[in-house]
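Enquirer: Take a look at this one; I'll ask things after.
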Amino acid sequence: MKKELVSALSTVLSDTVVLKYKVQGAHWNVVGIDFHQFHAFFEEIYLEVDSAIDPIAEQIRTLGASAPFRLAEFSELSNIDQPVRIDSTSRALVQEIHTAIEIALKDIDHAFDLANQLGEQGVVGLLAQREDMLKKWRWQLESALAG
């Protein structure tokens with residue numbers, strides 16, 4: 001069961017890395033009349049997501065496993081798509097990030113359930129924090145899409 005948790009956390013870590021670069025790419029490439037607003041918004045998201053990478057990797061280490069660290073591993077383990085090219089309008093980028101967050105939330109949920117079953121309260125707490133933050137970003141992205 002602990003191996004399953006390590007595997008699930010490795011997916012969460014990989015999703016987090018892929019999400020960080022997806023949002024940072026949106027920050028770099030967004031175009032349109034609302035450029036400044038979304039350039040700043042995407043920066044806020046990717047910096048927060050980046051701050052979660054190390055704690056997730058360290059939780060994997062506390063379970064006695066090595067954390068993935070190669071880009072190829074992150075790409076392989078993540079469930080978030082990495083399209084070759086996407087539309088750089090703010091609306092398209094917001095939709096792309098929203099979809100990625102939905103996937104990340106599902107993977108966090110799976111890891112959370114496993115950690116709970118094993119009584120790994122430190123992991124549970126970390127995943128609860130990640131879930132809360134991603135739900136905040138999801139709400140804000142949905143609000144942007146509604147406008």
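Ordered as shown in the structure tokens, chains take letters A, B, and onward, while each chain numbers its residues from 1 and ligands are numbered from 1 in the order shown.
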What's around Pro68 of chain A at 8 Å? Count only C-alpha atoms, leave out sequence neighbours fewer than 2 positions away in its own chain, and write the answer as JSON, numbers by chain.

Expert: {"A": [10, 14, 57, 66, 70, 73, 74]}

Enquirer: Please give the complete set of residues from chain A that DSSP, run on the backbone, assigns to alpha helix (DSSP H), formatted as a PDB file with C-alpha atoms, in the first residue's frame.

Expert:
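Everything below was put into part_27.pdb:
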ATOM      1  CA  LYS A   2       2.893   2.378   0.740  1.00  0.00           C
ATOM      2  CA  LYS A   3       4.217   1.762  -2.784  1.00  0.00           C
ATOM      3  CA  GLU A   4       0.829   2.834  -4.133  1.00  0.00           C
ATOM      4  CA  LEU A   5       1.017   6.031  -2.095  1.00  0.00           C
ATOM      5  CA  VAL A   6       4.536   6.764  -3.357  1.00  0.00           C
ATOM      6  CA  SER A   7       3.314   6.187  -6.910  1.00  0.00           C
ATOM      7  CA  ALA A   8       0.306   8.465  -6.365  1.00  0.00           C
ATOM      8  CA  LEU A   9       2.504  11.173  -4.823  1.00  0.00           C
ATOM      9  CA  SER A  10       4.923  10.864  -7.741  1.00  0.00           C
ATOM     10  CA  THR A  11       1.987  11.564 -10.043  1.00  0.00           C
ATOM     11  CA  VAL A  12       0.952  14.549  -7.898  1.00  0.00           C
ATOM     12  CA  LEU A  13       4.533  15.854  -8.010  1.00  0.00           C
ATOM     13  CA  SER A  14       4.690  15.372 -11.768  1.00  0.00           C
ATOM     14  CA  ASP A  15       1.320  17.062 -12.261  1.00  0.00           C
ATOM     15  CA  THR A  16       2.580  19.968 -10.154  1.00  0.00           C
ATOM     16  CA  VAL A  17       5.747  20.382 -12.224  1.00  0.00           C
ATOM     17  CA  VAL A  18       3.850  20.144 -15.523  1.00  0.00           C
ATOM     18  CA  LEU A  19       1.185  22.573 -14.266  1.00  0.00           C
ATOM     19  CA  LYS A  20       3.857  25.040 -13.156  1.00  0.00           C
ATOM     20  CA  TYR A  21       5.441  25.122 -16.614  1.00  0.00           C
ATOM     21  CA  LYS A  22       2.082  25.166 -18.376  1.00  0.00           C
ATOM     22  CA  VAL A  23       1.058  28.258 -16.395  1.00  0.00           C
ATOM     23  CA  GLN A  24       4.478  29.863 -16.756  1.00  0.00           C
ATOM     24  CA  GLY A  25       4.225  29.328 -20.515  1.00  0.00           C
ATOM     25  CA  ALA A  26       0.821  31.026 -20.451  1.00  0.00           C
ATOM     26  CA  HIS A  27       2.406  33.908 -18.523  1.00  0.00           C
ATOM     27  CA  TRP A  28       5.057  34.275 -21.221  1.00  0.00           C
ATOM     28  CA  ASN A  29       2.787  33.879 -24.232  1.00  0.00           C
ATOM     29  CA  PHE A  35      -2.533  40.933 -21.550  1.00  0.00           C
ATOM     30  CA  HIS A  36      -1.393  42.760 -18.410  1.00  0.00           C
ATOM     31  CA  GLN A  37      -4.174  41.344 -16.244  1.00  0.00           C
ATOM     32  CA  PHE A  38      -3.541  37.735 -17.276  1.00  0.00           C
ATOM     33  CA  HIS A  39       0.249  38.089 -17.432  1.00  0.00           C
ATOM     34  CA  ALA A  40       0.173  39.043 -13.720  1.00  0.00           C
ATOM     35  CA  PHE A  41      -2.517  36.483 -12.828  1.00  0.00           C
ATOM     36  CA  PHE A  42      -0.629  33.605 -14.452  1.00  0.00           C
ATOM     37  CA  GLU A  43       2.564  34.682 -12.680  1.00  0.00           C
ATOM     38  CA  GLU A  44       0.776  34.558  -9.328  1.00  0.00           C
ATOM     39  CA  ILE A  45      -0.413  31.021 -10.075  1.00  0.00           C
ATOM     40  CA  TYR A  46       2.876  29.589 -11.341  1.00  0.00           C
ATOM     41  CA  LEU A  47       4.864  31.037  -8.430  1.00  0.00           C
ATOM     42  CA  GLU A  48       2.448  29.485  -5.935  1.00  0.00           C
ATOM     43  CA  VAL A  49       2.468  26.150  -7.775  1.00  0.00           C
ATOM     44  CA  ASP A  50       6.280  26.241  -7.868  1.00  0.00           C
ATOM     45  CA  SER A  51       6.383  26.647  -4.082  1.00  0.00           C
ATOM     46  CA  ALA A  52       4.560  23.308  -3.717  1.00  0.00           C
ATOM     47  CA  ILE A  53       7.069  21.220  -5.664  1.00  0.00           C
ATOM     48  CA  ASP A  54       9.706  20.834  -2.945  1.00  0.00           C
ATOM     49  CA  PRO A  55       7.305  19.878  -0.111  1.00  0.00           C
ATOM     50  CA  ILE A  56       5.690  17.179  -2.273  1.00  0.00           C
ATOM     51  CA  ALA A  57       9.085  15.733  -3.234  1.00  0.00           C
ATOM     52  CA  GLU A  58      10.147  15.779   0.417  1.00  0.00           C
ATOM     53  CA  GLN A  59       7.009  13.860   1.425  1.00  0.00           C
ATOM     54  CA  ILE A  60       7.995  11.157  -1.063  1.00  0.00           C
ATOM     55  CA  ARG A  61      11.435  11.041   0.564  1.00  0.00           C
ATOM     56  CA  THR A  62       9.906  10.717   4.062  1.00  0.00           C
ATOM     57  CA  LEU A  71      11.824  15.933 -17.076  1.00  0.00           C
ATOM     58  CA  ALA A  72      11.085  12.691 -18.903  1.00  0.00           C
ATOM     59  CA  GLU A  73       9.793  11.166 -15.648  1.00  0.00           C
ATOM     60  CA  PHE A  74       7.559  14.146 -14.962  1.00  0.00           C
ATOM     61  CA  SER A  75       6.165  13.961 -18.480  1.00  0.00           C
ATOM     62  CA  GLU A  76       5.570  10.217 -18.209  1.00  0.00           C
ATOM     63  CA  LEU A  77       4.031  10.261 -14.717  1.00  0.00           C
ATOM     64  CA  SER A  90      -6.254  34.629 -22.514  1.00  0.00           C
ATOM     65  CA  ARG A  91      -9.501  32.665 -22.831  1.00  0.00           C
ATOM     66  CA  ALA A  92      -7.812  29.657 -24.448  1.00  0.00           C
ATOM     67  CA  LEU A  93      -5.010  29.691 -21.889  1.00  0.00           C
ATOM     68  CA  VAL A  94      -7.443  29.996 -18.979  1.00  0.00           C
ATOM     69  CA  GLN A  95      -9.369  26.987 -20.327  1.00  0.00           C
ATOM     70  CA  GLU A  96      -6.153  24.995 -20.759  1.00  0.00           C
ATOM     71  CA  ILE A  97      -5.032  25.745 -17.190  1.00  0.00           C
ATOM     72  CA  HIS A  98      -8.504  25.018 -15.816  1.00  0.00           C
ATOM     73  CA  THR A  99      -8.465  21.577 -17.442  1.00  0.00           C
ATOM     74  CA  ALA A 100      -5.003  20.884 -16.021  1.00  0.00           C
ATOM     75  CA  ILE A 101      -6.137  21.871 -12.527  1.00  0.00           C
ATOM     76  CA  GLU A 102      -9.137  19.527 -12.766  1.00  0.00           C
ATOM     77  CA  ILE A 103      -6.779  16.655 -13.586  1.00  0.00           C
ATOM     78  CA  ALA A 104      -4.401  17.607 -10.767  1.00  0.00           C
ATOM     79  CA  LEU A 105      -7.303  17.693  -8.301  1.00  0.00           C
ATOM     80  CA  LYS A 106      -8.362  14.152  -9.274  1.00  0.00           C
ATOM     81  CA  ASP A 107      -4.827  12.887  -8.742  1.00  0.00           C
ATOM     82  CA  ILE A 108      -4.568  14.676  -5.382  1.00  0.00           C
ATOM     83  CA  ASP A 109      -7.864  13.089  -4.348  1.00  0.00           C
ATOM     84  CA  HIS A 110      -6.512   9.616  -5.125  1.00  0.00           C
ATOM     85  CA  ALA A 111      -3.284  10.218  -3.183  1.00  0.00           C
ATOM     86  CA  PHE A 112      -5.271  11.756  -0.308  1.00  0.00           C
ATOM     87  CA  ASP A 113      -7.423   8.630   0.017  1.00  0.00           C
ATOM     88  CA  LEU A 114      -4.355   6.371   0.079  1.00  0.00           C
ATOM     89  CA  ALA A 115      -2.560   8.560   2.635  1.00  0.00           C
ATOM     90  CA  ASN A 116      -5.659   8.591   4.825  1.00  0.00           C
ATOM     91  CA  GLN A 117      -5.924   4.791   4.710  1.00  0.00           C
ATOM     92  CA  LEU A 118      -2.270   4.504   5.766  1.00  0.00           C
ATOM     93  CA  GLN A 121      -1.260  12.538   8.420  1.00  0.00           C
ATOM     94  CA  GLY A 122       1.633  14.691   7.177  1.00  0.00           C
ATOM     95  CA  VAL A 123       0.862  13.663   3.617  1.00  0.00           C
ATOM     96  CA  VAL A 124      -2.867  14.172   4.214  1.00  0.00           C
ATOM     97  CA  GLY A 125      -2.221  17.698   5.507  1.00  0.00           C
ATOM     98  CA  LEU A 126       0.013  18.639   2.586  1.00  0.00           C
ATOM     99  CA  LEU A 127      -2.466  17.290   0.043  1.00  0.00           C
ATOM    100  CA  ALA A 128      -5.335  19.129   1.753  1.00  0.00           C
ATOM    101  CA  GLN A 129      -3.389  22.399   1.402  1.00  0.00           C
ATOM    102  CA  ARG A 130      -2.698  21.697  -2.269  1.00  0.00           C
ATOM    103  CA  GLU A 131      -6.341  20.861  -2.887  1.00  0.00           C
ATOM    104  CA  ASP A 132      -7.490  24.091  -1.228  1.00  0.00           C
ATOM    105  CA  MET A 133      -5.134  26.211  -3.315  1.00  0.00           C
ATOM    106  CA  LEU A 134      -6.011  24.478  -6.586  1.00  0.00           C
ATOM    107  CA  LYS A 135      -9.715  24.874  -5.841  1.00  0.00           C
ATOM    108  CA  LYS A 136      -9.118  28.601  -5.314  1.00  0.00           C
ATOM    109  CA  TRP A 137      -7.379  28.859  -8.702  1.00  0.00           C
ATOM    110  CA  ARG A 138     -10.127  26.768 -10.312  1.00  0.00           C
ATOM    111  CA  TRP A 139     -12.795  29.136  -8.953  1.00  0.00           C
ATOM    112  CA  GLN A 140     -10.891  32.187 -10.208  1.00  0.00           C
ATOM    113  CA  LEU A 141     -10.353  30.633 -13.639  1.00  0.00           C
ATOM    114  CA  GLU A 142     -14.039  29.687 -13.866  1.00  0.00           C
ATOM    115  CA  SER A 143     -14.944  33.273 -12.981  1.00  0.00           C
ATOM    116  CA  ALA A 144     -12.683  34.513 -15.787  1.00  0.00           C
ATOM    117  CA  LEU A 145     -14.297  32.094 -18.247  1.00  0.00           C
ATOM    118  CA  ALA A 146     -17.796  33.231 -17.244  1.00  0.00           C
TER     119      ALA A 146
END

Enquirer: Taking into account only C-alpha atoms, which residue in the set A:Ala67, A:Val30, A:Met1, A:Ile86 is nearest to Glu120 of chain A?

Expert: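 For Glu120 of chain A, the nearest of the candidates is A:Met1.
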